[in-house]
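Engineer: One structure follows; several queries about it will come next.
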Amino acid sequence: MNRALYIRRKLWNGLLLTLAVLAAIFGLVWLAFILGELFYNGFSSLTPAVFTQMTPAPGDKGGLANAILGSILMSSIAVAFGTPLGLLAGTYLAEYGRYGRLAFFVRFVNDILLSAPSIVTGLFVYELVVVNDPGSLSHIACTAAFGAHCPLGHFSAFAGALSLMVIVIPVVVRTTENMLLLVPNGLREAAAALGAPRSNIIRAVTWRAARAGIVTGVLLAVARISGETAPLIFTAFGNQFWSTDITQPMASLPKVIFDYAMGPYEDLHRLAWAGALLITATVLTLSIIARLLQPKRS
Amino acid sequence: MADTALCEQMLSIPDRAIAVRKGGARDTRFKLMTLGASLIVLGIFGGVMASLIVGSLPAIRQFGLPFVYTEAWNPVTEKFGALAPIYGTLVTSFVALLVAVPVGIGIAIFLTEICPRSLRRPVGIAIELLAGIPSIIYGMWGLFVFAPWFQEHVQTWIVDRVVGIPYLEDYLAGPPYGIGMFTAALILSIMILPFISAVTRDVFETVPAMLKEAAYGVGCTTWEVMWRVVLPFVRSGVVGGAMLALGRALGETMAVTFVIGNSHHIQKSLFAPATTISATIANEFTEAVGDLYLSSLIELGLILFVITFLVLAAAQLMLRALERRAGSGS
């Protein structure tokens, strides 16, 4: 009787562990398949023209130069403004707020924003910037300050960068807080014992100790926004031409891929594959660098 | 540089009282700055909520509550109802979870228990890297590679065989387009798979080795250890991870928009074209003329935001509970 039970348990064990192995193979095969197809199509479509020519109209030849520029420009603006904000907010959570009610609330909201649908945060920027009514107070103030360069009331790279910034901030807040919490309290106490004011402790000791981790967070944020498409559809919109004016609509790689892949033209499909390869290569490179920088968890 | 400045300040100023006061003022300023940044995070959240509500006011006024349960979507007569996109969103996400959760847990078991030690790190890293690939890549692959293959080799075969079988016929029959609800769900599941396996593996690693060793010690098989000891211990973590993945799947735009077919008719068949909230917004936003059309799209966004908010909030509460328990060293 015991023997039968043992055999049954052993068989059951073998069966389910085999299923686990099959699950791993199943998952990895799909993913390998996707990457293989991407690299095959991407590399065969990658020509020098992709980097030197503008996005073509259907039927024409061209490249992705203006879209690459747009993506780099908008991502840079988003990171340049999103990082300091995220860093400060993360610092508040780890150093000042800690167990307070406000910190709990901010943490909760931040984690929601971290996984909230980007298409919805994009709609927020659309409502805030793009449809800004000419009669509204903010619009009048903005026109008074910038004249014809006021970015409110129409699609613009400014709106695109803002919608990407909304994605950057929660990522930086989360990693900053996590990394600051890894810094041993002994370091803070040692600095405090020397008589350093708290703001100096944070800037000269804890930030410095957590620097690698914080940089990792920023890199992950860049990786996250470099493939972000949904919010750009109704903020930066798109542009056929080379443009560096952030108050005007601007092309971006993901948006161009979206448009070209959805269209019926074979040439444009090839460009979309090339763009997809560029984005994936960027994301993978950033993630690998981030991984190398990441401090070992205790 | 900052630290030498600090030293000079500490050593060379004879009047300590001044230094302390200065430091105190700077402290307050810095604290207020960090506090301000935190409030901006809250402000963004409030702004998203407020702008969605303001933007959807015209549609709310026009259609009221029936918006949520009407199927009509007619830009010409300006009759809009959100039932088809809501239905599509829920069904695709649910099917995606149904596929991805068991497979994801399987991968996590493989990584923590079965995989040879030398392979563990590379496979784990590969999965984490794949979790970062932008969703538009999955969508493109779905449209150009998966959908045609699925249409030609799988769908026609299934459709041919289910004719005449009750129930199955209703849910699987129909013209084989390749694109549709099922394809979208499958691509979603592939996309959230790395995410679920990474979270599950992480929570598996919070199980104290002592517990597992004790179970092995009384003669449990690997499966029994996993099923009776590890999984019950991390249940809330796995559920939380699955809910986070659900939150992603619900709001996912690009992986779905390419392959869902954008049809506002609810059909029984899983293979039929459908639409989701995010796909509707992405597809129709640029061609939305008229305030009511635009406002209806924004109300769709509001509905999506509320649904994902509830799911993500639940996920967070579960993961927090697990964290607390792991932190208290039980």
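Scheme for the structure tokens: letters A, B, ... for chains in order shown; per-chain residue numbers from 1; ligand numbers from 1 in order shown.
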Would you please give, as a ChimeraX atom specification, all residues of range 221-291 of chain A that DSSP assigns to helix (DSSP H, G or I) based on the backbone?
Structural biologist: /A:221-226,230-233,253-262,266-291
Engineer: With 7 Å as the limit and counting only C-alpha atoms, what residues in chain A lie close to chain B? Please list them as a compact mmCIF listing (two decimals) with C-alpha atoms, in the first residue's frame.
Structural biologist:
```
# COMPACT_ATOMS: atom_id res chain seq x y z
CA ASN A 13 5.97 14.99 -8.93
CA LEU A 16 4.23 18.47 -12.70
CA LEU A 17 7.93 19.26 -12.77
CA ALA A 20 7.20 23.43 -15.27
CA VAL A 21 10.10 22.71 -17.62
CA ALA A 23 6.36 26.12 -19.34
CA ALA A 24 9.86 27.55 -19.29
CA ILE A 34 9.92 37.37 -31.45
CA LEU A 85 11.72 65.88 -9.32
CA LEU A 88 13.64 64.83 -4.50
CA ALA A 89 10.32 63.06 -4.01
CA THR A 91 14.36 61.41 -0.98
CA TYR A 92 11.36 62.73 0.91
CA VAL A 106 2.54 59.50 -1.82
CA VAL A 109 -0.19 57.12 -5.51
CA ASN A 110 3.29 56.82 -6.99
CA ILE A 112 -0.36 53.51 -9.06
CA SER A 115 1.74 51.03 -13.64
CA ALA A 116 -1.11 53.27 -14.78
CA PRO A 117 -1.89 52.97 -18.51
CA ILE A 119 -2.51 56.17 -22.77
CA VAL A 120 -4.44 57.67 -19.85
CA THR A 121 -1.58 59.82 -18.60
CA PHE A 124 -4.08 64.11 -19.13
CA GLU A 127 -6.28 67.98 -21.79
CA PRO A 197 23.04 69.32 9.03
CA ARG A 198 20.54 66.83 7.68
CA SER A 199 20.42 68.24 4.17
CA ALA A 204 27.01 64.26 0.68
CA GLY A 227 9.42 52.63 -26.60
CA GLU A 228 6.42 54.55 -25.33
CA ALA A 230 0.44 55.68 -26.80
CA ALA A 261 3.15 49.32 -39.61
CA ALA A 276 11.69 48.68 -34.02
CA THR A 280 14.83 47.39 -28.92
CA VAL A 283 16.25 49.40 -24.49
CA LEU A 284 18.34 46.25 -24.19
CA SER A 287 18.87 47.57 -19.28
```
Engineer: Mind checking which residues fall within 6 Å of range 59-73 of chain A, counting only C-alpha atoms, ignoring those fewer than 5 positions away in the same chain, and posting them as a PDB file with N, CA, C and O atoms, in the first residue's frame?
Structural biologist:
```
ATOM      1  N   ALA A  49      20.556  55.065 -45.116  1.00  0.00           N
ATOM      2  CA  ALA A  49      19.498  56.047 -45.375  1.00  0.00           C
ATOM      3  C   ALA A  49      18.578  56.209 -44.174  1.00  0.00           C
ATOM      4  O   ALA A  49      17.998  57.281 -43.959  1.00  0.00           O
ATOM      5  N   VAL A  50      18.452  55.133 -43.375  1.00  0.00           N
ATOM      6  CA  VAL A  50      17.588  55.204 -42.205  1.00  0.00           C
ATOM      7  C   VAL A  50      18.028  56.345 -41.282  1.00  0.00           C
ATOM      8  O   VAL A  50      17.202  57.028 -40.682  1.00  0.00           O
ATOM      9  N   PHE A  51      19.343  56.565 -41.213  1.00  0.00           N
ATOM     10  CA  PHE A  51      19.853  57.588 -40.300  1.00  0.00           C
ATOM     11  C   PHE A  51      19.989  58.960 -40.943  1.00  0.00           C
ATOM     12  O   PHE A  51      20.162  59.946 -40.247  1.00  0.00           O
ATOM     13  N   THR A  52      19.977  59.024 -42.271  1.00  0.00           N
ATOM     14  CA  THR A  52      20.276  60.301 -42.919  1.00  0.00           C
ATOM     15  C   THR A  52      19.060  60.951 -43.564  1.00  0.00           C
ATOM     16  O   THR A  52      19.062  62.163 -43.773  1.00  0.00           O
ATOM     17  N   GLN A  53      18.026  60.165 -43.886  1.00  0.00           N
ATOM     18  CA  GLN A  53      16.902  60.761 -44.620  1.00  0.00           C
ATOM     19  C   GLN A  53      15.676  60.919 -43.741  1.00  0.00           C
ATOM     20  O   GLN A  53      15.533  60.275 -42.715  1.00  0.00           O
ATOM     21  N   MET A  54      14.777  61.813 -44.224  1.00  0.00           N
ATOM     22  CA  MET A  54      13.565  62.093 -43.461  1.00  0.00           C
ATOM     23  C   MET A  54      12.527  60.996 -43.677  1.00  0.00           C
ATOM     24  O   MET A  54      12.591  60.243 -44.637  1.00  0.00           O
ATOM     25  N   TRP A 242      12.294  67.550 -40.601  1.00  0.00           N
ATOM     26  CA  TRP A 242      13.297  67.783 -39.570  1.00  0.00           C
ATOM     27  C   TRP A 242      12.850  68.985 -38.756  1.00  0.00           C
ATOM     28  O   TRP A 242      12.657  70.063 -39.290  1.00  0.00           O
ATOM     29  N   MET A 250       6.247  67.089 -33.395  1.00  0.00           N
ATOM     30  CA  MET A 250       7.543  66.482 -33.684  1.00  0.00           C
ATOM     31  C   MET A 250       7.362  64.991 -33.920  1.00  0.00           C
ATOM     32  O   MET A 250       6.521  64.355 -33.287  1.00  0.00           O
ATOM     33  N   ALA A 251       8.171  64.444 -34.836  1.00  0.00           N
ATOM     34  CA  ALA A 251       8.109  63.005 -35.098  1.00  0.00           C
ATOM     35  C   ALA A 251       8.791  62.257 -33.958  1.00  0.00           C
ATOM     36  O   ALA A 251       9.617  62.812 -33.246  1.00  0.00           O
ATOM     37  N   SER A 252       8.408  60.996 -33.764  1.00  0.00           N
ATOM     38  CA  SER A 252       9.119  60.155 -32.801  1.00  0.00           C
ATOM     39  C   SER A 252       9.120  58.742 -33.344  1.00  0.00           C
ATOM     40  O   SER A 252       8.218  58.360 -34.097  1.00  0.00           O
ATOM     41  N   LEU A 253      10.141  57.971 -32.984  1.00  0.00           N
ATOM     42  CA  LEU A 253      10.279  56.622 -33.535  1.00  0.00           C
ATOM     43  C   LEU A 253       9.046  55.747 -33.307  1.00  0.00           C
ATOM     44  O   LEU A 253       8.508  55.192 -34.270  1.00  0.00           O
TER      45      LEU A 253
END
```
Engineer: For Leu137 in chain A, which residue out of A:Leu152, A:Leu181, A:Leu38, A:Leu113 is the nearest one, using only C-alpha atoms?
Structural biologist: A:Leu152
Engineer: For CA of Glu299 in chain B and CA of Phe80 in chain B, quote the distance in Å rounded to one decimal.
Structural biologist: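 Going from CA of Glu299 in chain B over to CA of Phe80 in chain B covers 10.5 Å.
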Engineer: Would you kindly return, as a PyMOL selection string, each protein, DNA or RNA residue with an atom no farther than 8 Å from any atom of Ile167 in chain A, considering only C-alpha atoms and excluding same-chain residues fewer than 5 positions away?
Structural biologist: chain A and resi 113-114+118+221+225
Engineer: Might you pull out every residue within 12 Å of Ile260 in chain B, with only C-alpha atoms counted and same-chain residues fewer than 5 positions away left off, and present them as a PyMOL selection string?
Structural biologist: chain B and resi 85+88-89+91-92+139+142-143+147+177-188+253-255+270-280+283
Engineer: Val168 in chain A: which residues within 7 Å, counting only C-alpha atoms, same-chain residues fewer than 2 positions away excluded, as a list in words?
Structural biologist: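 Selected residues are Val79, Gly82, Leu164, Met165, Val166, Pro170, Val171, Val172 and Ala221 of chain A.
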